[in-house]
Every structure is written in C-alpha cells, then in structure tokens.
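Student: The structure is given below, and queries will be raised subsequently.
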Protein chains: 2
Amino acid sequence: MIKVSILGSGNVAQHLALAIKNIQLSHDGVQLLQVFARQPINASFVSYDKIISSFDDLLFADVFIIAVSDVAIATVANQIPYKDSLIVHTSGASSIEEIQSARKGVFYPLQTFTKGKEINFKNVPVCIEATNTDDKNLLLEIAKSISNNVQIITSEQRKILHLAAVFVNNFTNYMYQIGSDLCSENNLDFTLLHPIITETANKISAISPKNAQTGPAIRGDKKTIKMHENSIKNPDFLTIYQTLTKAIQRNGEKL
Amino acid sequence: MIKVSILGSGNVAQHLALAIKNIQLSHDGVQLLQVFARQPINASFVSYDKIISSFDDLLFADVFIIAVSDVAIATVANQIPYKDSLIVHTSGASSIEEIQSARKGVFYPLQTFTKGKEINFKNVPVCIEATNTDDKNLLLEIAKSISNNVQIITSEQRKILHLAAVFVNNFTNYMYQIGSDLCSENNLDFTLLHPIITETANKISAISPKNAQTGPAIRGDKKTIKMHENSIKNPDFLTIYQTLTKAIQRNGEKL
C-alpha cells in the first residue's frame, strides 16, 4: 500500500484527493492518508479525520504531493520533516528544483480544474518527472491508478506543455470573453455562441487545427476584415483581431 | 407544404439539405425540392433526381436558400427567375441587400460545419432576418422545423455575431494550432492537450468566461510570463502571447 498525503486545498488538491479517494474504494494499492489545509474548512472534500492544519500533525507518507500556488511550493516542501519520503509538486511552470529534498519529482495533471465541477480524472493526462528510476516507477503507479493517460516527460517538455496550455486554455477562454462582451454590448445572448464553441473544440479530434482553420483571415477576405475592424469599439479587441488575422495569413502562406 | 430549394454544395448547403431532408421523413410541412450544384458530384448528399446544375432546370420553390461563398451571392440571386419567391442567403457577413429581389432575407446558421462530420442541427442556432412579417414567419417555420434555437435578429446584430464567431471559432482554432505546433516542435503528442481543450469549452456552460479566466496573465505572475516569453521561438506566437497577456491584465484590472 502506497501512502499518499496532499498538501493544499485548492482546485488541483481537491480533484486529486477525490481521484485518490475513489480508487481506495476499489481496493487499489494507493491510500490517501492526510490532506494539509491551513483552513480546514477548505478541505471539506475529504473526511474530517484526514484533514490537518499544522505540520506537527503530519504523519509519515511514502509520497507527499504539494498542490499549492507556485510561489509557496519551496516553503511547504521545506516544512515536511520526512527526509526519506518522495516529495513532488503539481505545477506545470515550476522547476523540480523548488523541492530541496533528495527524493523529488513532479506530478502535473494537464487539465483545468473548477471548484465544485466534477471531472473524470481517468481522462486527465498526468505528466510525471523524477530524478531516479525508482521514484519514476512509484509516481507511475500512483498516476496509473487514477488516470488512463500517464506520460513521463522532461522538465523542458513540461515547460512547453504549460505554455501550450496557456494558449489553448487561458487565451482561448479570453476569446470566449471577447465573444461574450460583444454579445452583451449588442443585446445578444452569449449562449447563441455555445454550440460553435463546443463544436470548434470537438472538431480537432477529427481534423488538425491547421486543416480546420476557416474564416476571413485564411480566406484573405479583405472586405469582411475591414467591416469587422470598423465594428470593434474596444481598442484591445481591435489589436487582437489584427494581430491574429496577420498571423493566420502569414501562417497560411507557408502552406 | 413549403417547398425549399438550396443553391450551393459546400458545407453549409450540405448540412442544411440533410437537416431539411431529415424532417421530411417525419412528415413535417417543409420539403426539399432541389439542390443546385455546378458540379453535381459535389451534391451527392441528396438523391440524384433532386440535383440540378443549370438554372434552366430550376423549378418554382417558395423559398430559395443561397449557400455559396459571400462574393457569389448576388450573382446566384440574380439568376433565379421566380420573382415572387422568397430568396435568402446564409452568410453572417453579407448584407441582406446582396439580394435584389423584392422578397429577401437571411437564414444564418451559427455553427462551424465540416464536410462529412455529422452535426445535430436541432442544436444549431438559426438567426433569421427578413424585410416583412410574412417572410419572417415563413423563415421561422422552416427554421423551427430543423432547429430548437431560432432567433430573429437585426443586420447589425448578425454582423456582431459573425465577428464574435471569428473570435470564438477562427481565433480559438488558431490557439489550438499554436498549441499543436509547440507540441510537435518538442516531440509531444498534441492529444495531451485535447482534454483541456474540451474542458475549457465545456466550462463556460457552468461559469462565465470572465470568472473562468486563470493563468499567469490574470494572476500577474511575472516570473512565469518571462519564462514563457523566453521559450517562444516563433515571433508571431510571441507577439500574440504578449498582446493577449496585456489585454487580459488590463481587463482584469477593470474588475
């Protein structure tokens, strides 16, 4: 039985704890021992007896998973008194070296988590990194018990994956926000755009984004582009429209 | 029985024809009469006896739906000899005035269509415009027979919806392409990003894009932003990263 404790009570910590708790029910070899939360109320996603809010109460575990904001990783790691345990963080953007311990690693779930919105963790890619083979295998065992998509990657690859996630998640969400703002300024219901948003996302399972690219930019439809530019009142939105239109056109020419 | 003919054989024409054909099976009051395609082979989505490739073979219909590229709408409309019929186009970006006929309108399905990829038309918002009430009602009847989401909108609203669709569809797809390029440059499988892409799209049904915004830009995480900027080799991608980061930050400050 691998004993795992989670430090943190945010979105990642919550979804990870629930995923590990669920496999326990199926009598797998991984056990969620404790969840550390400065405010115990924030960790109500696990049973009360597992929640601790002082490092003095931290029991020995085989693996400690630190799921806190990037800036707090090093501080939290330094307070774990079990020097022989494996300590990992869950951040896409932080170096493995944030952890000073001899046995260290990264357990990066590549997904956007929303508090209270359930997710099927089996479909969440988990990207793993560790400094030695035994620790990689240990993380593999934990990851495979909760996800069907586990990858061992390098630090450099993780950095790129996190960057790519900023484009496909953060920036895409901002495109939705612009769509939403344009709708509300013009008495239009943003839900009118929901079907095209989900279909655009689903489409890439069938064809590559390059082949899926449509619209006035890739068509070189100057008349429509001009009309759109004249319709945009927000200067940020106009700059974004023009920057992306140019990039799509340059990229299209390369084909 | 309302007789409808479609002029065009592209993605919109195909999906519209299939949707109307399907309601016929359920004995509704709308009938697909003919599909005009310059190359009959392109219209193989309907039975052969319905396909015509010469305007001489065009029979009288109550409504002619022109689903061709924006630049060809006026030319096609002018070749329809039935001056008492209602003629509409399906374009988000074209003026209703592209049609010279006395009875004219717009039948704009707000979705991205892919040839060969089936779609449930019942969920596709259809935005309708016409110059008189009778024609609006006629279009409403046709639209409601194929979609559960029909809206009467103004020309100005349609222009804005089309612009919003460029952001949430064309530009979002380009974000996916950047993600895909970053992956392939670094020997990473783009399918690793598929779950976060679909979850990002699904999320907005639960919370607004404004509340869903996460990432280094909105957090003001200068360290990660700097690291990302240093990782991006393509100058277009860097400009996009910086433009969107600044816009998200400015927009966040307004909250």
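Going through the structure tokens in order, the chains are called A, B, and so on, while each chain numbers its residues from 1 and the ligands are numbered from 1 in the order shown.
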Can you pull out every residue within 9 Å of A:Tyr82, counting only C-alpha atoms, but drop anything in the same chain fewer than 4 positions away, and send it as a ChimeraX atom specification?
Tutor: /A:59-61,86
Student: Just need chain A moved onto chain B: least-squares over all Cα atoms matched in order, then output as a PDB file with C-alpha atoms, in the first residue's frame.
Tutor:
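Writing the result to superposed-v3.pdb gives the following:
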ATOM      1  CA  MET A   1     -46.169  22.220 -47.771  1.00  0.00           C
ATOM      2  CA  ILE A   2     -43.335  24.754 -48.067  1.00  0.00           C
ATOM      3  CA  LYS A   3     -41.072  23.954 -51.007  1.00  0.00           C
ATOM      4  CA  VAL A   4     -37.426  24.840 -50.381  1.00  0.00           C
ATOM      5  CA  SER A   5     -34.521  24.666 -52.817  1.00  0.00           C
ATOM      6  CA  ILE A   6     -30.886  25.119 -51.913  1.00  0.00           C
ATOM      7  CA  LEU A   7     -28.304  26.720 -54.188  1.00  0.00           C
ATOM      8  CA  GLY A   8     -24.793  25.599 -53.338  1.00  0.00           C
ATOM      9  CA  SER A   9     -22.972  22.397 -52.445  1.00  0.00           C
ATOM     10  CA  GLY A  10     -20.492  23.452 -49.748  1.00  0.00           C
ATOM     11  CA  ASN A  11     -20.527  22.636 -46.048  1.00  0.00           C
ATOM     12  CA  VAL A  12     -23.482  24.851 -45.140  1.00  0.00           C
ATOM     13  CA  ALA A  13     -25.536  23.665 -48.140  1.00  0.00           C
ATOM     14  CA  GLN A  14     -24.817  20.035 -47.304  1.00  0.00           C
ATOM     15  CA  HIS A  15     -25.738  20.233 -43.617  1.00  0.00           C
ATOM     16  CA  LEU A  16     -28.827  22.319 -44.342  1.00  0.00           C
ATOM     17  CA  ALA A  17     -30.007  19.918 -47.060  1.00  0.00           C
ATOM     18  CA  LEU A  18     -29.532  16.935 -44.757  1.00  0.00           C
ATOM     19  CA  ALA A  19     -31.435  18.683 -41.952  1.00  0.00           C
ATOM     20  CA  ILE A  20     -34.381  19.490 -44.242  1.00  0.00           C
ATOM     21  CA  LYS A  21     -34.306  16.009 -45.766  1.00  0.00           C
ATOM     22  CA  ASN A  22     -34.510  14.512 -42.282  1.00  0.00           C
ATOM     23  CA  ILE A  23     -37.618  16.473 -41.286  1.00  0.00           C
ATOM     24  CA  GLN A  24     -39.313  15.330 -44.490  1.00  0.00           C
ATOM     25  CA  LEU A  25     -39.076  11.816 -43.135  1.00  0.00           C
ATOM     26  CA  SER A  26     -41.098  12.938 -40.128  1.00  0.00           C
ATOM     27  CA  HIS A  27     -43.811  14.313 -42.461  1.00  0.00           C
ATOM     28  CA  ASP A  28     -43.339  17.935 -41.500  1.00  0.00           C
ATOM     29  CA  GLY A  29     -44.547  20.810 -43.639  1.00  0.00           C
ATOM     30  CA  VAL A  30     -41.207  21.580 -45.310  1.00  0.00           C
ATOM     31  CA  GLN A  31     -39.949  19.830 -48.444  1.00  0.00           C
ATOM     32  CA  LEU A  32     -36.495  19.922 -50.026  1.00  0.00           C
ATOM     33  CA  LEU A  33     -37.220  20.315 -53.727  1.00  0.00           C
ATOM     34  CA  GLN A  34     -33.857  20.775 -55.487  1.00  0.00           C
ATOM     35  CA  VAL A  35     -30.178  21.358 -54.847  1.00  0.00           C
ATOM     36  CA  PHE A  36     -28.276  23.419 -57.403  1.00  0.00           C
ATOM     37  CA  ALA A  37     -24.603  22.474 -57.747  1.00  0.00           C
ATOM     38  CA  ARG A  38     -22.349  23.447 -60.633  1.00  0.00           C
ATOM     39  CA  GLN A  39     -20.608  20.102 -60.168  1.00  0.00           C
ATOM     40  CA  PRO A  40     -23.379  17.536 -59.462  1.00  0.00           C
ATOM     41  CA  ILE A  41     -20.833  15.190 -57.886  1.00  0.00           C
ATOM     42  CA  ASN A  42     -20.482  17.713 -55.017  1.00  0.00           C
ATOM     43  CA  ALA A  43     -24.175  17.379 -54.152  1.00  0.00           C
ATOM     44  CA  SER A  44     -24.179  13.616 -53.660  1.00  0.00           C
ATOM     45  CA  PHE A  45     -25.575  14.201 -50.176  1.00  0.00           C
ATOM     46  CA  VAL A  46     -29.060  14.279 -51.747  1.00  0.00           C
ATOM     47  CA  SER A  47     -30.675  11.845 -54.151  1.00  0.00           C
ATOM     48  CA  TYR A  48     -29.655  12.247 -57.792  1.00  0.00           C
ATOM     49  CA  ASP A  49     -33.108  13.311 -59.043  1.00  0.00           C
ATOM     50  CA  LYS A  50     -33.008  16.441 -56.838  1.00  0.00           C
ATOM     51  CA  ILE A  51     -29.654  17.702 -58.151  1.00  0.00           C
ATOM     52  CA  ILE A  52     -29.531  20.270 -60.950  1.00  0.00           C
ATOM     53  CA  SER A  53     -26.545  22.071 -62.423  1.00  0.00           C
ATOM     54  CA  SER A  54     -28.278  24.499 -64.786  1.00  0.00           C
ATOM     55  CA  PHE A  55     -30.607  27.356 -63.878  1.00  0.00           C
ATOM     56  CA  ASP A  56     -32.826  26.211 -66.794  1.00  0.00           C
ATOM     57  CA  ASP A  57     -33.799  23.193 -64.662  1.00  0.00           C
ATOM     58  CA  LEU A  58     -34.678  25.248 -61.587  1.00  0.00           C
ATOM     59  CA  LEU A  59     -38.310  24.618 -60.586  1.00  0.00           C
ATOM     60  CA  PHE A  60     -40.505  27.059 -58.717  1.00  0.00           C
ATOM     61  CA  ALA A  61     -39.988  26.952 -54.949  1.00  0.00           C
ATOM     62  CA  ASP A  62     -41.456  29.020 -52.119  1.00  0.00           C
ATOM     63  CA  VAL A  63     -38.010  29.715 -50.703  1.00  0.00           C
ATOM     64  CA  PHE A  64     -34.585  29.629 -52.328  1.00  0.00           C
ATOM     65  CA  ILE A  65     -31.706  29.345 -49.877  1.00  0.00           C
ATOM     66  CA  ILE A  66     -28.395  30.540 -51.329  1.00  0.00           C
ATOM     67  CA  ALA A  67     -25.518  28.834 -49.521  1.00  0.00           C
ATOM     68  CA  VAL A  68     -22.482  29.899 -51.556  1.00  0.00           C
ATOM     69  CA  SER A  69     -19.369  31.988 -50.856  1.00  0.00           C
ATOM     70  CA  ASP A  70     -20.136  35.615 -49.962  1.00  0.00           C
ATOM     71  CA  VAL A  71     -18.812  37.002 -53.252  1.00  0.00           C
ATOM     72  CA  ALA A  72     -21.127  34.768 -55.325  1.00  0.00           C
ATOM     73  CA  ILE A  73     -24.416  35.527 -53.516  1.00  0.00           C
ATOM     74  CA  ALA A  74     -25.519  38.443 -55.731  1.00  0.00           C
ATOM     75  CA  THR A  75     -24.737  36.614 -58.982  1.00  0.00           C
ATOM     76  CA  VAL A  76     -26.611  33.493 -57.930  1.00  0.00           C
ATOM     77  CA  ALA A  77     -29.594  35.495 -56.648  1.00  0.00           C
ATOM     78  CA  ASN A  78     -29.894  37.356 -59.951  1.00  0.00           C
ATOM     79  CA  GLN A  79     -30.195  34.101 -61.868  1.00  0.00           C
ATOM     80  CA  ILE A  80     -33.265  32.876 -60.007  1.00  0.00           C
ATOM     81  CA  PRO A  81     -36.180  33.519 -62.405  1.00  0.00           C
ATOM     82  CA  TYR A  82     -39.019  33.299 -59.841  1.00  0.00           C
ATOM     83  CA  LYS A  83     -39.528  36.905 -58.800  1.00  0.00           C
ATOM     84  CA  ASP A  84     -42.367  36.186 -56.354  1.00  0.00           C
ATOM     85  CA  SER A  85     -40.387  33.663 -54.295  1.00  0.00           C
ATOM     86  CA  LEU A  86     -38.512  34.477 -51.115  1.00  0.00           C
ATOM     87  CA  ILE A  87     -34.742  34.442 -51.671  1.00  0.00           C
ATOM     88  CA  VAL A  88     -32.383  34.232 -48.683  1.00  0.00           C
ATOM     89  CA  HIS A  89     -28.669  33.768 -48.117  1.00  0.00           C
ATOM     90  CA  THR A  90     -26.920  32.008 -45.233  1.00  0.00           C
ATOM     91  CA  SER A  91     -23.993  34.378 -44.689  1.00  0.00           C
ATOM     92  CA  GLY A  92     -23.140  36.012 -41.379  1.00  0.00           C
ATOM     93  CA  ALA A  93     -21.062  38.730 -42.999  1.00  0.00           C
ATOM     94  CA  SER A  94     -23.093  39.696 -46.086  1.00  0.00           C
ATOM     95  CA  SER A  95     -25.747  42.382 -46.271  1.00  0.00           C
ATOM     96  CA  ILE A  96     -29.349  41.386 -46.934  1.00  0.00           C
ATOM     97  CA  GLU A  97     -29.074  43.847 -49.846  1.00  0.00           C
ATOM     98  CA  GLU A  98     -26.857  41.433 -51.775  1.00  0.00           C
ATOM     99  CA  ILE A  99     -30.217  40.051 -52.885  1.00  0.00           C
ATOM    100  CA  GLN A 100     -31.985  42.367 -55.342  1.00  0.00           C
ATOM    101  CA  SER A 101     -35.328  40.565 -55.248  1.00  0.00           C
ATOM    102  CA  ALA A 102     -38.426  42.171 -53.643  1.00  0.00           C
ATOM    103  CA  ARG A 103     -38.739  39.361 -51.105  1.00  0.00           C
ATOM    104  CA  LYS A 104     -35.387  38.757 -49.446  1.00  0.00           C
ATOM    105  CA  GLY A 105     -33.955  37.504 -46.181  1.00  0.00           C
ATOM    106  CA  VAL A 106     -31.143  35.854 -44.266  1.00  0.00           C
ATOM    107  CA  PHE A 107     -31.071  32.359 -42.805  1.00  0.00           C
ATOM    108  CA  TYR A 108     -27.818  32.260 -40.822  1.00  0.00           C
ATOM    109  CA  PRO A 109     -26.907  29.021 -39.054  1.00  0.00           C
ATOM    110  CA  LEU A 110     -24.390  29.963 -36.342  1.00  0.00           C
ATOM    111  CA  GLN A 111     -22.159  26.923 -36.421  1.00  0.00           C
ATOM    112  CA  THR A 112     -18.917  25.625 -37.927  1.00  0.00           C
ATOM    113  CA  PHE A 113     -19.634  22.863 -40.427  1.00  0.00           C
ATOM    114  CA  THR A 114     -17.151  20.235 -41.530  1.00  0.00           C
ATOM    115  CA  LYS A 115     -17.737  18.196 -44.651  1.00  0.00           C
ATOM    116  CA  GLY A 116     -18.529  14.626 -43.691  1.00  0.00           C
ATOM    117  CA  LYS A 117     -18.754  15.336 -39.930  1.00  0.00           C
ATOM    118  CA  GLU A 118     -22.341  14.904 -38.817  1.00  0.00           C
ATOM    119  CA  ILE A 119     -23.944  17.521 -36.607  1.00  0.00           C
ATOM    120  CA  ASN A 120     -27.221  17.613 -34.713  1.00  0.00           C
ATOM    121  CA  PHE A 121     -28.924  20.534 -36.451  1.00  0.00           C
ATOM    122  CA  LYS A 122     -31.535  20.724 -33.657  1.00  0.00           C
ATOM    123  CA  ASN A 123     -28.826  22.415 -31.525  1.00  0.00           C
ATOM    124  CA  VAL A 124     -27.639  24.853 -34.203  1.00  0.00           C
ATOM    125  CA  PRO A 125     -28.853  28.416 -33.551  1.00  0.00           C
ATOM    126  CA  VAL A 126     -30.518  29.758 -36.703  1.00  0.00           C
ATOM    127  CA  CYS A 127     -30.612  33.574 -36.928  1.00  0.00           C
ATOM    128  CA  ILE A 128     -33.304  34.960 -39.171  1.00  0.00           C
ATOM    129  CA  GLU A 129     -33.830  38.273 -40.905  1.00  0.00           C
ATOM    130  CA  ALA A 130     -36.433  39.403 -43.475  1.00  0.00           C
ATOM    131  CA  THR A 131     -37.873  42.706 -44.669  1.00  0.00           C
ATOM    132  CA  ASN A 132     -41.537  41.906 -43.910  1.00  0.00           C
ATOM    133  CA  THR A 133     -43.515  39.998 -41.293  1.00  0.00           C
ATOM    134  CA  ASP A 134     -44.906  37.308 -43.595  1.00  0.00           C
ATOM    135  CA  ASP A 135     -41.436  36.397 -44.812  1.00  0.00           C
ATOM    136  CA  LYS A 136     -40.141  36.367 -41.226  1.00  0.00           C
ATOM    137  CA  ASN A 137     -42.910  33.932 -40.324  1.00  0.00           C
ATOM    138  CA  LEU A 138     -42.146  31.754 -43.330  1.00  0.00           C
ATOM    139  CA  LEU A 139     -38.469  31.584 -42.362  1.00  0.00           C
ATOM    140  CA  LEU A 140     -39.431  30.947 -38.729  1.00  0.00           C
ATOM    141  CA  GLU A 141     -41.495  27.936 -39.808  1.00  0.00           C
ATOM    142  CA  ILE A 142     -38.635  26.459 -41.823  1.00  0.00           C
ATOM    143  CA  ALA A 143     -36.024  27.217 -39.162  1.00  0.00           C
ATOM    144  CA  LYS A 144     -38.122  25.788 -36.321  1.00  0.00           C
ATOM    145  CA  SER A 145     -38.662  22.577 -38.263  1.00  0.00           C
ATOM    146  CA  ILE A 146     -34.905  21.893 -38.215  1.00  0.00           C
ATOM    147  CA  SER A 147     -33.622  23.710 -35.100  1.00  0.00           C
ATOM    148  CA  ASN A 148     -34.715  24.197 -31.485  1.00  0.00           C
ATOM    149  CA  ASN A 149     -32.874  27.522 -31.260  1.00  0.00           C
ATOM    150  CA  VAL A 150     -34.256  30.131 -33.677  1.00  0.00           C
ATOM    151  CA  GLN A 151     -33.743  33.881 -33.236  1.00  0.00           C
ATOM    152  CA  ILE A 152     -34.983  36.877 -35.197  1.00  0.00           C
ATOM    153  CA  ILE A 153     -32.108  39.362 -35.248  1.00  0.00           C
ATOM    154  CA  THR A 154     -31.194  42.634 -36.950  1.00  0.00           C
ATOM    155  CA  SER A 155     -28.501  43.131 -39.608  1.00  0.00           C
ATOM    156  CA  GLU A 156     -26.309  44.870 -37.043  1.00  0.00           C
ATOM    157  CA  GLN A 157     -26.695  42.020 -34.542  1.00  0.00           C
ATOM    158  CA  ARG A 158     -25.836  39.469 -37.223  1.00  0.00           C
ATOM    159  CA  LYS A 159     -22.684  41.408 -38.083  1.00  0.00           C
ATOM    160  CA  ILE A 160     -21.657  41.328 -34.405  1.00  0.00           C
ATOM    161  CA  LEU A 161     -22.505  37.636 -34.040  1.00  0.00           C
ATOM    162  CA  HIS A 162     -20.335  36.862 -37.046  1.00  0.00           C
ATOM    163  CA  LEU A 163     -17.501  38.928 -35.574  1.00  0.00           C
ATOM    164  CA  ALA A 164     -17.900  37.168 -32.204  1.00  0.00           C
ATOM    165  CA  ALA A 165     -17.831  33.819 -34.040  1.00  0.00           C
ATOM    166  CA  VAL A 166     -14.487  34.815 -35.608  1.00  0.00           C
ATOM    167  CA  PHE A 167     -13.073  35.228 -32.094  1.00  0.00           C
ATOM    168  CA  VAL A 168     -14.565  32.066 -30.538  1.00  0.00           C
ATOM    169  CA  ASN A 169     -14.125  29.860 -33.619  1.00  0.00           C
ATOM    170  CA  ASN A 170     -11.400  31.066 -36.045  1.00  0.00           C
ATOM    171  CA  PHE A 171      -9.103  32.629 -33.441  1.00  0.00           C
ATOM    172  CA  THR A 172      -9.678  29.868 -30.895  1.00  0.00           C
ATOM    173  CA  ASN A 173      -8.807  27.324 -33.560  1.00  0.00           C
ATOM    174  CA  TYR A 174      -5.604  29.274 -34.185  1.00  0.00           C
ATOM    175  CA  MET A 175      -4.783  28.976 -30.450  1.00  0.00           C
ATOM    176  CA  TYR A 176      -5.161  25.209 -30.929  1.00  0.00           C
ATOM    177  CA  GLN A 177      -2.802  25.385 -33.890  1.00  0.00           C
ATOM    178  CA  ILE A 178      -0.176  27.208 -31.842  1.00  0.00           C
ATOM    179  CA  GLY A 179      -0.573  24.528 -29.153  1.00  0.00           C
ATOM    180  CA  SER A 180      -0.206  21.859 -31.807  1.00  0.00           C
ATOM    181  CA  ASP A 181       2.911  23.497 -33.302  1.00  0.00           C
ATOM    182  CA  LEU A 182       4.541  23.877 -29.863  1.00  0.00           C
ATOM    183  CA  CYS A 183       3.883  20.176 -29.218  1.00  0.00           C
ATOM    184  CA  SER A 184       5.277  18.898 -32.487  1.00  0.00           C
ATOM    185  CA  GLU A 185       8.406  21.072 -32.182  1.00  0.00           C
ATOM    186  CA  ASN A 186       9.068  19.396 -28.821  1.00  0.00           C
ATOM    187  CA  ASN A 187       8.177  15.765 -29.599  1.00  0.00           C
ATOM    188  CA  LEU A 188       4.961  15.985 -27.627  1.00  0.00           C
ATOM    189  CA  ASP A 189       1.692  14.417 -28.685  1.00  0.00           C
ATOM    190  CA  PHE A 190      -0.931  17.125 -29.320  1.00  0.00           C
ATOM    191  CA  THR A 191      -3.630  14.753 -28.020  1.00  0.00           C
ATOM    192  CA  LEU A 192      -2.242  15.500 -24.527  1.00  0.00           C
ATOM    193  CA  LEU A 193      -3.980  18.882 -24.915  1.00  0.00           C
ATOM    194  CA  HIS A 194      -7.329  17.513 -26.120  1.00  0.00           C
ATOM    195  CA  PRO A 195      -8.842  17.052 -22.621  1.00  0.00           C
ATOM    196  CA  ILE A 196      -8.006  20.618 -21.518  1.00  0.00           C
ATOM    197  CA  ILE A 197      -9.343  21.980 -24.823  1.00  0.00           C
ATOM    198  CA  THR A 198     -12.740  20.295 -24.441  1.00  0.00           C
ATOM    199  CA  GLU A 199     -12.971  21.085 -20.725  1.00  0.00           C
ATOM    200  CA  THR A 200     -12.197  24.781 -21.401  1.00  0.00           C
ATOM    201  CA  ALA A 201     -15.057  24.835 -23.910  1.00  0.00           C
ATOM    202  CA  ASN A 202     -17.475  22.953 -21.627  1.00  0.00           C
ATOM    203  CA  LYS A 203     -16.647  25.115 -18.623  1.00  0.00           C
ATOM    204  CA  ILE A 204     -18.438  28.202 -19.962  1.00  0.00           C
ATOM    205  CA  SER A 205     -21.768  26.411 -19.667  1.00  0.00           C
ATOM    206  CA  ALA A 206     -21.177  26.394 -15.901  1.00  0.00           C
ATOM    207  CA  ILE A 207     -19.353  29.702 -15.293  1.00  0.00           C
ATOM    208  CA  SER A 208     -18.820  32.894 -17.310  1.00  0.00           C
ATOM    209  CA  PRO A 209     -15.549  33.274 -19.257  1.00  0.00           C
ATOM    210  CA  LYS A 210     -14.692  36.231 -17.002  1.00  0.00           C
ATOM    211  CA  ASN A 211     -14.919  34.024 -13.908  1.00  0.00           C
ATOM    212  CA  ALA A 212     -13.195  31.131 -15.668  1.00  0.00           C
ATOM    213  CA  GLN A 213     -10.073  33.166 -16.535  1.00  0.00           C
ATOM    214  CA  THR A 214      -6.957  31.665 -14.951  1.00  0.00           C
ATOM    215  CA  GLY A 215      -3.247  31.616 -15.759  1.00  0.00           C
ATOM    216  CA  PRO A 216      -0.127  33.748 -15.369  1.00  0.00           C
ATOM    217  CA  ALA A 217      -1.600  36.845 -17.079  1.00  0.00           C
ATOM    218  CA  ILE A 218      -4.599  37.329 -14.771  1.00  0.00           C
ATOM    219  CA  ARG A 219      -2.490  36.309 -11.729  1.00  0.00           C
ATOM    220  CA  GLY A 220       0.164  38.892 -12.655  1.00  0.00           C
ATOM    221  CA  ASP A 221       2.761  36.111 -12.443  1.00  0.00           C
ATOM    222  CA  LYS A 222       5.710  37.962 -13.995  1.00  0.00           C
ATOM    223  CA  LYS A 223       8.196  35.129 -13.436  1.00  0.00           C
ATOM    224  CA  THR A 224       6.151  32.616 -15.470  1.00  0.00           C
ATOM    225  CA  ILE A 225       5.369  35.199 -18.165  1.00  0.00           C
ATOM    226  CA  LYS A 226       9.096  35.931 -18.556  1.00  0.00           C
ATOM    227  CA  MET A 227       9.871  32.205 -18.733  1.00  0.00           C
ATOM    228  CA  HIS A 228       7.190  31.686 -21.404  1.00  0.00           C
ATOM    229  CA  GLU A 229       8.443  34.636 -23.453  1.00  0.00           C
ATOM    230  CA  ASN A 230      11.930  33.123 -23.420  1.00  0.00           C
ATOM    231  CA  SER A 231      10.555  29.744 -24.571  1.00  0.00           C
ATOM    232  CA  ILE A 232       8.695  31.047 -27.642  1.00  0.00           C
ATOM    233  CA  LYS A 233      10.758  30.897 -30.823  1.00  0.00           C
ATOM    234  CA  ASN A 234       8.117  31.915 -33.417  1.00  0.00           C
ATOM    235  CA  PRO A 235       7.930  35.770 -33.472  1.00  0.00           C
ATOM    236  CA  ASP A 236       4.191  35.697 -34.354  1.00  0.00           C
ATOM    237  CA  PHE A 237       3.462  33.481 -31.365  1.00  0.00           C
ATOM    238  CA  LEU A 238       5.470  35.828 -29.113  1.00  0.00           C
ATOM    239  CA  THR A 239       3.537  38.892 -30.308  1.00  0.00           C
ATOM    240  CA  ILE A 240       0.259  37.027 -29.716  1.00  0.00           C
ATOM    241  CA  TYR A 241       1.388  35.917 -26.251  1.00  0.00           C
ATOM    242  CA  GLN A 242       2.307  39.472 -25.265  1.00  0.00           C
ATOM    243  CA  THR A 243      -0.773  41.103 -26.820  1.00  0.00           C
ATOM    244  CA  LEU A 244      -3.181  38.708 -25.093  1.00  0.00           C
ATOM    245  CA  THR A 245      -1.333  38.816 -21.770  1.00  0.00           C
ATOM    246  CA  LYS A 246      -1.554  42.622 -21.706  1.00  0.00           C
ATOM    247  CA  ALA A 247      -5.237  42.614 -22.686  1.00  0.00           C
ATOM    248  CA  ILE A 248      -6.117  40.053 -19.998  1.00  0.00           C
ATOM    249  CA  GLN A 249      -4.254  42.094 -17.385  1.00  0.00           C
ATOM    250  CA  ARG A 250      -5.886  45.389 -18.389  1.00  0.00           C
ATOM    251  CA  ASN A 251      -9.270  43.733 -18.445  1.00  0.00           C
ATOM    252  CA  GLY A 252      -8.645  42.096 -15.070  1.00  0.00           C
ATOM    253  CA  GLU A 253      -7.798  45.456 -13.507  1.00  0.00           C
ATOM    254  CA  LYS A 254     -11.217  46.762 -14.535  1.00  0.00           C
ATOM    255  CA  LEU A 255     -12.924  44.205 -12.290  1.00  0.00           C
TER     256      LEU A 255
END
Student: Which residues in stretch 39-170 of chain B does DSSP call alpha helix (DSSP H)? List them as a ChimeraX atom specification.
Tutor: /B:73-78,133-146,155-165
Student: Using the chain letters and numbers from this document, which residues of stretch 4-194 of chain B does DSSP assign to strand (DSSP E or B), as a count of residues only?
Tutor: 35
